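Content type mmCIF, C-alpha atoms and all ligand atoms, from the file start30.cif:
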```cif
data_structure
loop_
_atom_site.label_atom_id
_atom_site.label_comp_id
_atom_site.auth_asym_id
_atom_site.auth_seq_id
_atom_site.Cartn_x
_atom_site.Cartn_y
_atom_site.Cartn_z
CA MET T 1 69.72 116.42 -25.99
CA ARG T 2 70.42 117.18 -22.36
CA LYS T 3 73.76 118.69 -21.46
CA LYS T 4 76.26 116.36 -19.80
CA ILE T 5 78.07 118.22 -17.03
CA VAL T 6 80.79 117.38 -14.55
CA ALA T 7 81.43 120.19 -12.08
CA GLY T 8 84.08 120.26 -9.37
CA ASN T 9 83.06 122.01 -6.16
CA TRP T 10 86.34 122.84 -4.47
CA LYS T 11 84.56 124.07 -1.31
CA MET T 12 86.93 125.91 1.08
CA ASN T 13 90.08 124.34 -0.36
CA ASN T 14 93.06 125.69 -2.31
CA ASP T 15 94.74 129.05 -1.81
CA LEU T 16 95.95 131.08 -4.79
CA ALA T 17 99.14 129.07 -5.41
CA GLN T 18 97.29 125.75 -5.03
CA THR T 19 94.57 127.00 -7.38
CA GLU T 20 97.18 127.86 -10.03
CA THR T 21 98.86 124.45 -9.64
CA LEU T 22 95.61 122.48 -9.90
CA ILE T 23 94.49 124.49 -12.94
CA THR T 24 97.81 123.79 -14.68
CA GLU T 25 97.25 120.08 -13.99
CA LEU T 26 93.63 120.24 -15.18
CA LYS T 27 94.66 121.91 -18.45
CA ALA T 28 96.96 118.96 -19.17
CA GLN T 29 93.98 116.56 -19.06
CA ASN T 30 91.70 115.67 -21.95
CA GLY T 31 87.95 115.43 -21.55
CA ALA T 32 85.34 114.15 -23.97
CA ALA T 33 84.06 116.96 -26.20
CA ASP T 34 80.41 116.39 -25.30
CA VAL T 35 80.89 116.87 -21.55
CA GLU T 36 80.84 120.37 -20.06
CA VAL T 37 83.53 120.63 -17.39
CA MET T 38 83.31 123.23 -14.63
CA ILE T 39 85.32 124.08 -11.53
CA ALA T 40 84.23 126.18 -8.56
CA PRO T 41 87.20 127.69 -6.70
CA SER T 42 86.86 130.10 -3.75
CA PHE T 43 85.72 133.67 -4.35
CA THR T 44 89.27 135.00 -3.80
CA ASN T 45 90.61 132.88 -6.67
CA LEU T 46 87.85 133.25 -9.26
CA TRP T 47 89.51 136.02 -11.23
CA GLN T 48 92.85 134.23 -11.35
CA ALA T 49 91.13 130.97 -12.34
CA PHE T 50 89.05 132.69 -15.00
CA ASN T 51 92.16 134.20 -16.59
CA ALA T 52 94.19 131.01 -16.30
CA LEU T 53 91.43 129.10 -18.13
CA LYS T 54 90.78 131.61 -20.92
CA GLY T 55 90.73 129.70 -24.19
CA SER T 56 90.19 126.40 -22.36
CA SER T 57 86.86 124.55 -22.40
CA ILE T 58 86.81 124.38 -18.59
CA GLU T 59 84.32 126.89 -17.15
CA VAL T 60 84.98 128.65 -13.86
CA ILE T 61 81.87 128.88 -11.69
CA ALA T 62 81.03 130.25 -8.22
CA GLN T 63 80.03 128.31 -5.11
CA ASN T 64 77.50 130.81 -3.78
CA MET T 65 76.26 134.41 -3.94
CA HIS T 66 74.00 136.81 -2.03
CA PHE T 67 70.50 137.69 -3.24
CA ALA T 68 70.89 141.47 -2.92
CA GLU T 69 72.24 143.59 -5.77
CA SER T 70 74.58 145.52 -3.45
CA GLY T 71 74.63 147.17 -0.05
CA ALA T 72 75.32 146.60 3.62
CA TYR T 73 75.90 142.83 3.64
CA THR T 74 79.37 142.50 5.13
CA GLY T 75 81.27 139.52 3.80
CA GLU T 76 78.90 138.77 0.94
CA VAL T 77 79.32 138.70 -2.85
CA SER T 78 76.66 139.72 -5.38
CA ALA T 79 75.67 138.29 -8.76
CA ALA T 80 76.95 141.44 -10.47
CA MET T 81 80.34 141.01 -8.80
CA LEU T 82 80.54 137.43 -10.06
CA LYS T 83 79.62 138.55 -13.56
CA SER T 84 82.26 141.26 -13.47
CA VAL T 85 84.98 138.61 -13.13
CA GLY T 86 83.60 136.50 -15.98
CA ILE T 87 81.42 134.06 -14.04
CA LYS T 88 78.35 132.71 -15.86
CA THR T 89 77.22 129.93 -13.49
CA VAL T 90 76.66 129.76 -9.73
CA ILE T 91 76.00 126.87 -7.36
CA LEU T 92 73.08 127.58 -5.03
CA GLY T 93 71.52 125.58 -2.20
CA HIS T 94 74.43 123.32 -1.35
CA SER T 95 73.64 121.29 1.78
CA GLU T 96 76.64 122.83 3.56
CA ARG T 97 75.15 126.30 2.95
CA ARG T 98 71.77 125.07 4.20
CA ALA T 99 73.23 123.34 7.29
CA TYR T 100 76.01 125.73 8.42
CA PHE T 101 74.72 129.06 7.13
CA ASN T 102 70.99 128.60 7.69
CA GLU T 103 70.01 128.98 4.04
CA SER T 104 66.30 128.26 3.99
CA ASP T 105 64.13 127.52 0.96
CA ALA T 106 62.84 131.12 1.16
CA ILE T 107 66.37 132.57 1.04
CA LEU T 108 67.25 130.22 -1.80
CA ALA T 109 64.20 131.33 -3.79
CA LYS T 110 65.49 134.90 -3.51
CA LYS T 111 68.98 133.84 -4.59
CA VAL T 112 67.52 131.97 -7.55
CA ASP T 113 65.64 135.09 -8.63
CA ALA T 114 68.72 137.28 -8.26
CA ALA T 115 70.90 134.88 -10.25
CA LEU T 116 68.36 134.64 -13.09
CA ALA T 117 67.82 138.41 -13.11
CA ASN T 118 71.55 138.71 -13.67
CA GLU T 119 71.51 136.06 -16.41
CA LEU T 120 73.55 133.56 -14.42
CA GLN T 121 73.01 129.85 -14.92
CA ILE T 122 72.26 128.05 -11.65
CA ILE T 123 73.34 124.64 -10.40
CA PHE T 124 70.64 124.15 -7.78
CA CYS T 125 71.48 121.60 -5.06
CA PHE T 126 69.17 119.70 -2.74
CA GLY T 127 69.00 116.31 -1.07
CA GLU T 128 67.70 114.47 1.96
CA GLU T 129 69.46 113.68 5.23
CA LEU T 130 70.12 110.17 6.48
CA ALA T 131 67.13 110.22 8.85
CA ASP T 132 64.82 111.13 5.94
CA ARG T 133 66.17 108.25 3.87
CA LYS T 134 65.82 105.82 6.79
CA SER T 135 62.21 106.84 7.32
CA GLY T 136 61.45 106.60 3.60
CA ASN T 137 60.75 110.32 3.34
CA GLN T 138 63.42 111.18 0.79
CA GLU T 139 61.08 111.88 -2.10
CA ALA T 140 58.81 114.19 -0.09
CA ILE T 141 61.83 116.12 1.24
CA VAL T 142 63.38 116.53 -2.21
CA ALA T 143 60.07 117.51 -3.85
CA ASN T 144 59.59 120.22 -1.21
CA GLN T 145 63.11 121.59 -1.61
CA ILE T 146 62.62 121.88 -5.37
CA ARG T 147 59.09 123.26 -5.15
CA ASN T 148 59.84 125.85 -2.49
CA ALA T 149 62.85 127.36 -4.23
CA LEU T 150 62.00 126.93 -7.92
CA PHE T 151 58.31 126.46 -8.62
CA HIS T 152 57.49 130.18 -8.59
CA LEU T 153 59.49 130.38 -11.87
CA ASN T 154 58.03 130.21 -15.35
CA ALA T 155 58.93 127.33 -17.66
CA ALA T 156 61.39 129.41 -19.69
CA ALA T 157 63.55 130.00 -16.59
CA PHE T 158 64.41 126.31 -16.47
CA LYS T 159 66.68 126.73 -19.50
CA ASN T 160 69.12 128.33 -17.08
CA ILE T 161 68.81 125.78 -14.31
CA VAL T 162 70.73 122.57 -13.72
CA LEU T 163 69.64 120.38 -10.80
CA ALA T 164 72.07 118.59 -8.50
CA TYR T 165 70.77 115.81 -6.27
CA GLU T 166 73.18 115.46 -3.37
CA PRO T 167 71.98 113.16 -0.58
CA VAL T 168 73.51 114.66 2.56
CA TRP T 169 74.45 111.22 3.91
CA ALA T 170 76.68 110.63 0.87
CA ILE T 171 78.59 113.94 0.93
CA GLY T 172 82.18 113.58 2.05
CA THR T 173 81.35 110.33 3.83
CA GLY T 174 82.73 107.85 1.32
CA GLU T 175 79.24 106.36 1.22
CA THR T 176 77.76 106.78 -2.25
CA ALA T 177 74.18 106.29 -3.23
CA THR T 178 73.95 103.16 -5.34
CA ALA T 179 73.44 103.75 -9.04
CA GLU T 180 69.88 102.46 -8.56
CA GLN T 181 69.18 104.89 -5.70
CA ALA T 182 70.50 107.76 -7.83
CA GLN T 183 68.44 106.69 -10.85
CA ASP T 184 65.24 106.25 -8.79
CA MET T 185 65.58 109.73 -7.30
CA HIS T 186 66.56 111.38 -10.59
CA ALA T 187 63.54 109.81 -12.31
CA PHE T 188 61.34 111.06 -9.46
CA ILE T 189 62.81 114.58 -9.79
CA ARG T 190 62.18 114.58 -13.54
CA LYS T 191 58.60 113.42 -12.95
CA THR T 192 58.11 116.19 -10.37
CA ILE T 193 59.28 118.76 -12.92
CA ALA T 194 57.11 117.19 -15.65
CA ASN T 195 53.99 117.29 -13.47
CA THR T 196 54.24 121.07 -13.13
CA TYR T 197 56.07 122.23 -16.26
CA GLY T 198 55.43 119.46 -18.78
CA ALA T 199 57.57 116.82 -20.45
CA GLU T 200 59.57 119.20 -22.63
CA VAL T 201 61.01 121.12 -19.68
CA ALA T 202 61.57 117.92 -17.69
CA ASP T 203 63.29 116.11 -20.54
CA SER T 204 65.67 118.95 -21.27
CA ILE T 205 66.88 119.71 -17.74
CA SER T 206 70.20 118.21 -16.66
CA ILE T 207 70.19 116.46 -13.28
CA LEU T 208 73.60 115.85 -11.69
CA TYR T 209 74.44 113.43 -8.90
CA GLY T 210 76.74 114.48 -6.05
CA GLY T 211 78.05 112.63 -3.01
CA SER T 212 81.31 110.66 -2.83
CA CYS T 213 81.38 110.34 -6.60
CA LYS T 214 84.79 109.02 -7.66
CA PRO T 215 86.49 107.33 -10.61
CA SER T 216 85.54 103.87 -9.29
CA ASN T 217 81.77 104.53 -9.16
CA ALA T 218 81.14 107.31 -11.68
CA LYS T 219 80.77 105.01 -14.68
CA GLU T 220 77.95 103.00 -13.16
CA ILE T 221 76.13 106.11 -11.88
CA PHE T 222 76.52 108.08 -15.14
CA ALA T 223 75.25 105.11 -17.15
CA LYS T 224 71.79 105.57 -15.65
CA PRO T 225 69.31 107.21 -18.02
CA ASP T 226 68.30 110.11 -15.76
CA VAL T 227 71.80 110.95 -14.50
CA ASP T 228 73.35 113.70 -16.64
CA GLY T 229 76.62 114.12 -14.78
CA GLY T 230 78.07 114.88 -11.39
CA LEU T 231 78.86 117.54 -8.83
CA ILE T 232 82.16 116.41 -7.39
CA GLY T 233 83.73 117.44 -4.07
CA GLY T 234 86.81 115.63 -2.78
CA ALA T 235 87.73 113.90 -6.05
CA ALA T 236 87.69 117.27 -7.87
CA LEU T 237 90.82 118.31 -5.95
CA ASN T 238 92.94 115.85 -7.91
CA ALA T 239 93.23 116.53 -11.66
CA SER T 240 93.53 112.93 -12.83
CA ASP T 241 90.71 111.68 -10.57
CA PHE T 242 88.49 114.55 -11.72
CA PHE T 243 89.10 113.83 -15.39
CA ALA T 244 88.64 110.10 -14.83
CA ILE T 245 85.14 111.09 -13.67
CA VAL T 246 84.67 113.46 -16.64
CA ASN T 247 85.55 110.56 -18.92
CA ALA T 248 83.31 108.07 -17.12
CA PHE T 249 80.34 108.68 -19.45
P1 LIG V 301 82.08 114.79 -2.08
O1 LIG V 301 82.29 114.40 -3.51
O2 LIG V 301 83.37 115.16 -1.38
O3 LIG V 301 81.26 113.80 -1.33
O4 LIG V 301 81.24 116.16 -2.09
C1 LIG V 301 80.11 116.23 -2.90
C2 LIG V 301 79.64 117.62 -2.90
O5 LIG V 301 79.21 118.15 -1.89
C3 LIG V 301 79.74 118.38 -4.15
O6 LIG V 301 79.07 119.59 -4.06
#
```

Translate the structure of the given file into structure tokens.
Amino acid sequence: MRKKIVAGNWKMNNDLAQTETLITELKAQNGAADVEVMIAPSFTNLWQAFNALKGSSIEVIAQNMHFAESGAYTGEVSAAMLKSVGIKTVILGHSERRAYFNESDAILAKKVDAALANELQIIFCFGEELADRKSGNQEAIVANQIRNALFHLNAAAFKNIVLAYEPVWAIGTGETATAEQAQDMHAFIRKTIANTYGAEVADSISILYGGSCKPSNAKEIFAKPDVDGGLIGGAALNASDFFAIVNAF
């Protein structure tokens, strides 16, 4: 059975007080027992969030990390630092990191290695831009993003990897991929994994959809056989919307 996951990526939102308020509201919500719920606050609020959610089933995860163990990388945060505040999962490869912070496939491959070496689970993001979709190149783009950052790994490493397909044209735009577009791409991703690592690895990896996912469309998207949950941006900043998505399975 693949894990069902709904993860909220808070991006650069919520200061300490807002983080505490939203966590209090999230704790008052009830999610289905078979769905893993995660939230990714800013680095500055991870420790507070981790403590506030002790004993809760909501996992606190990180939005990013550096590939180096330590050293002269001003402004960066290492895997060991994340672990030291209780973090077990990190998002890597988000399109905003790729677009605004020049994270290439080569850099992401190094981050993937560093996260796995530190026994962190990875939510690995990728997705095509609008021009790629318009020219019909979306599958080639996605296959390359996955191959370049992940296909140096052995099959066992995939136990610690969750994939998140986030078409760039659907992020924060209000425009969601249709459930059919999500299913077609997720099936393609699973086939790409199967071709290299075999059916067992492909059938056990969770593939999340992200991009303007909200209570009104989550049910239809999550009903698709290759969609195992969502990576949620804007709608994760409101506790009842977020849990409406969690409960959309
Ligand atoms: P939105 O849900 O705001 O479109 O953001 C999706 C996303 O980027 C999650 O990582």

Could the residues of chain T that have an atom at most 8 Å from ligand LIG 301 (chain V) be listed as a tab-separated table, each with its closest atom pair and the distance in Å to one decimal, counting only C-alpha atoms and all ligand atoms and ordered by chain and ascending residue number?
```
residue	atom	partner	partner_atom	distance
T:Gly8	CA	V:LIG301	C3	7.0
T:Asn9	CA	V:LIG301	O6	5.1
T:Trp10	CA	V:LIG301	C3	8.0
T:Lys11	CA	V:LIG301	O6	7.6
T:His94	CA	V:LIG301	O6	6.5
T:Ser95	CA	V:LIG301	O5	7.4
T:Glu96	CA	V:LIG301	O5	7.6
T:Cys125	CA	V:LIG301	O6	7.9
T:Glu166	CA	V:LIG301	O5	6.8
T:Ala170	CA	V:LIG301	O3	6.0
T:Ile171	CA	V:LIG301	O3	3.5
T:Gly172	CA	V:LIG301	O3	3.5
T:Thr173	CA	V:LIG301	O3	6.2
T:Gly174	CA	V:LIG301	O3	6.7
T:Thr176	CA	V:LIG301	O3	7.9
T:Gly210	CA	V:LIG301	C1	4.9
T:Gly211	CA	V:LIG301	O3	3.8
T:Ser212	CA	V:LIG301	O3	3.5
T:Cys213	CA	V:LIG301	O1	5.2
T:Lys214	CA	V:LIG301	O1	7.2
T:Leu231	CA	V:LIG301	C3	4.8
T:Ile232	CA	V:LIG301	O1	4.4
T:Gly233	CA	V:LIG301	O1	3.4
T:Gly234	CA	V:LIG301	O2	3.7
T:Ala235	CA	V:LIG301	O1	6.0
T:Ala236	CA	V:LIG301	O1	7.5
```

Pick from T:Ile221, T:Ile141, T:Ala157, T:Leu150, whichever lies nearest to Ala109 in chain T using only C-alpha atoms: T:Leu150

Residues near Met12 in chain T, anyone? I mean within 12 Å using only C-alpha atoms, not counting same-chain ones fewer than 2 positions away, as a PyMOL selection string. chain T and resi 9-10+14-16+19+40-45+62-64+96-97+233-234+237

Could you state the separation of CA of Asp184 in chain T and CA of Val246 in chain T in Å, given to one decimal place?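 Computing the Euclidean distance for CA of Asp184 in chain T and CA of Val246 in chain T yields 22.2 Å.
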
In file coordinates, which residues lie within 8 Å of (72.1, 112.1, -17.8) using only C-alpha atoms, given as a PyMOL selection string? chain T and resi 2-4+206-208+222-229

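Neighbours of Gln145 in chain T closer than or equal to 10 Å, with all atoms listed in the file counted and sequence neighbours fewer than 5 positions away skipped, come out as Gly93, Ser104, Asp105, Ala106, Leu108, Cys125, Phe126, Gly127, Glu128, Glu139, Ala140, Leu150 and Phe151 of chain T.
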
Quick one: pull the distance between CA of Val90 in chain T and CA of Ile122 in chain T, Å, one decimal.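 According to the coordinates, CA of Val90 in chain T and CA of Ile122 in chain T are separated by 5.1 Å.
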
Fix up range 124-152 of chain T with N, CA and C atoms, then write it as a PDB file, keeping the file's coordinate frame.
```
ATOM      1  N   PHE T 124      71.432 124.111  -9.014  1.00  0.00           N
ATOM      2  CA  PHE T 124      70.640 124.150  -7.780  1.00  0.00           C
ATOM      3  C   PHE T 124      70.713 122.796  -7.060  1.00  0.00           C
ATOM      4  N   CYS T 125      71.241 122.837  -5.824  1.00  0.00           N
ATOM      5  CA  CYS T 125      71.480 121.600  -5.060  1.00  0.00           C
ATOM      6  C   CYS T 125      70.391 121.362  -4.018  1.00  0.00           C
ATOM      7  N   PHE T 126      70.153 120.113  -3.756  1.00  0.00           N
ATOM      8  CA  PHE T 126      69.170 119.700  -2.740  1.00  0.00           C
ATOM      9  C   PHE T 126      69.437 118.237  -2.450  1.00  0.00           C
ATOM     10  N   GLY T 127      68.833 117.732  -1.384  1.00  0.00           N
ATOM     11  CA  GLY T 127      69.000 116.310  -1.070  1.00  0.00           C
ATOM     12  C   GLY T 127      68.594 116.047   0.367  1.00  0.00           C
ATOM     13  N   GLU T 128      68.214 114.809   0.628  1.00  0.00           N
ATOM     14  CA  GLU T 128      67.700 114.470   1.960  1.00  0.00           C
ATOM     15  C   GLU T 128      68.831 114.080   2.914  1.00  0.00           C
ATOM     16  N   GLU T 129      68.522 114.154   4.210  1.00  0.00           N
ATOM     17  CA  GLU T 129      69.460 113.680   5.230  1.00  0.00           C
ATOM     18  C   GLU T 129      69.233 112.196   5.489  1.00  0.00           C
ATOM     19  N   LEU T 130      70.184 111.615   6.237  1.00  0.00           N
ATOM     20  CA  LEU T 130      70.120 110.170   6.480  1.00  0.00           C
ATOM     21  C   LEU T 130      68.803 109.757   7.161  1.00  0.00           C
ATOM     22  N   ALA T 131      68.369 110.570   8.129  1.00  0.00           N
ATOM     23  CA  ALA T 131      67.130 110.220   8.850  1.00  0.00           C
ATOM     24  C   ALA T 131      65.937 110.184   7.894  1.00  0.00           C
ATOM     25  N   ASP T 132      65.926 111.105   6.925  1.00  0.00           N
ATOM     26  CA  ASP T 132      64.820 111.130   5.940  1.00  0.00           C
ATOM     27  C   ASP T 132      64.850 109.860   5.093  1.00  0.00           C
ATOM     28  N   ARG T 133      66.043 109.454   4.712  1.00  0.00           N
ATOM     29  CA  ARG T 133      66.170 108.250   3.870  1.00  0.00           C
ATOM     30  C   ARG T 133      65.730 107.029   4.664  1.00  0.00           C
ATOM     31  N   LYS T 134      66.164 106.988   5.949  1.00  0.00           N
ATOM     32  CA  LYS T 134      65.820 105.820   6.790  1.00  0.00           C
ATOM     33  C   LYS T 134      64.316 105.727   7.006  1.00  0.00           C
ATOM     34  N   SER T 135      63.657 106.879   7.096  1.00  0.00           N
ATOM     35  CA  SER T 135      62.210 106.840   7.320  1.00  0.00           C
ATOM     36  C   SER T 135      61.420 106.790   6.011  1.00  0.00           C
ATOM     37  N   GLY T 136      62.131 106.713   4.891  1.00  0.00           N
ATOM     38  CA  GLY T 136      61.450 106.600   3.600  1.00  0.00           C
ATOM     39  C   GLY T 136      60.855 107.904   3.101  1.00  0.00           C
ATOM     40  N   ASN T 137      61.321 109.020   3.682  1.00  0.00           N
ATOM     41  CA  ASN T 137      60.750 110.320   3.340  1.00  0.00           C
ATOM     42  C   ASN T 137      61.524 111.075   2.270  1.00  0.00           C
ATOM     43  N   GLN T 138      62.500 110.425   1.664  1.00  0.00           N
ATOM     44  CA  GLN T 138      63.420 111.180   0.790  1.00  0.00           C
ATOM     45  C   GLN T 138      62.716 111.877  -0.376  1.00  0.00           C
ATOM     46  N   GLU T 139      61.714 111.241  -0.944  1.00  0.00           N
ATOM     47  CA  GLU T 139      61.080 111.880  -2.100  1.00  0.00           C
ATOM     48  C   GLU T 139      60.284 113.118  -1.689  1.00  0.00           C
ATOM     49  N   ALA T 140      59.597 113.033  -0.558  1.00  0.00           N
ATOM     50  CA  ALA T 140      58.810 114.190  -0.090  1.00  0.00           C
ATOM     51  C   ALA T 140      59.738 115.358   0.234  1.00  0.00           C
ATOM     52  N   ILE T 141      60.873 115.066   0.867  1.00  0.00           N
ATOM     53  CA  ILE T 141      61.830 116.120   1.240  1.00  0.00           C
ATOM     54  C   ILE T 141      62.357 116.799  -0.027  1.00  0.00           C
ATOM     55  N   VAL T 142      62.789 115.993  -0.982  1.00  0.00           N
ATOM     56  CA  VAL T 142      63.380 116.530  -2.210  1.00  0.00           C
ATOM     57  C   VAL T 142      62.338 117.329  -3.010  1.00  0.00           C
ATOM     58  N   ALA T 143      61.122 116.797  -3.110  1.00  0.00           N
ATOM     59  CA  ALA T 143      60.070 117.510  -3.850  1.00  0.00           C
ATOM     60  C   ALA T 143      59.821 118.879  -3.227  1.00  0.00           C
ATOM     61  N   ASN T 144      59.811 118.930  -1.882  1.00  0.00           N
ATOM     62  CA  ASN T 144      59.590 120.220  -1.210  1.00  0.00           C
ATOM     63  C   ASN T 144      60.727 121.192  -1.457  1.00  0.00           C
ATOM     64  N   GLN T 145      61.962 120.701  -1.392  1.00  0.00           N
ATOM     65  CA  GLN T 145      63.110 121.590  -1.610  1.00  0.00           C
ATOM     66  C   GLN T 145      63.050 122.199  -3.003  1.00  0.00           C
ATOM     67  N   ILE T 146      62.686 121.382  -3.985  1.00  0.00           N
ATOM     68  CA  ILE T 146      62.620 121.880  -5.370  1.00  0.00           C
ATOM     69  C   ILE T 146      61.446 122.857  -5.513  1.00  0.00           C
ATOM     70  N   ARG T 147      60.283 122.422  -5.026  1.00  0.00           N
ATOM     71  CA  ARG T 147      59.090 123.260  -5.150  1.00  0.00           C
ATOM     72  C   ARG T 147      59.269 124.631  -4.506  1.00  0.00           C
ATOM     73  N   ASN T 148      59.780 124.608  -3.261  1.00  0.00           N
ATOM     74  CA  ASN T 148      59.840 125.850  -2.490  1.00  0.00           C
ATOM     75  C   ASN T 148      60.817 126.873  -3.071  1.00  0.00           C
ATOM     76  N   ALA T 149      61.852 126.407  -3.724  1.00  0.00           N
ATOM     77  CA  ALA T 149      62.850 127.360  -4.230  1.00  0.00           C
ATOM     78  C   ALA T 149      62.701 127.658  -5.715  1.00  0.00           C
ATOM     79  N   LEU T 150      62.007 126.783  -6.450  1.00  0.00           N
ATOM     80  CA  LEU T 150      62.000 126.930  -7.920  1.00  0.00           C
ATOM     81  C   LEU T 150      60.629 127.060  -8.559  1.00  0.00           C
ATOM     82  N   PHE T 151      59.573 126.588  -7.891  1.00  0.00           N
ATOM     83  CA  PHE T 151      58.310 126.460  -8.620  1.00  0.00           C
ATOM     84  C   PHE T 151      57.508 127.765  -8.730  1.00  0.00           C
ATOM     85  N   HIS T 152      58.104 128.873  -8.295  1.00  0.00           N
ATOM     86  CA  HIS T 152      57.490 130.180  -8.590  1.00  0.00           C
ATOM     87  C   HIS T 152      57.956 130.662  -9.976  1.00  0.00           C
TER      88      HIS T 152
END
```
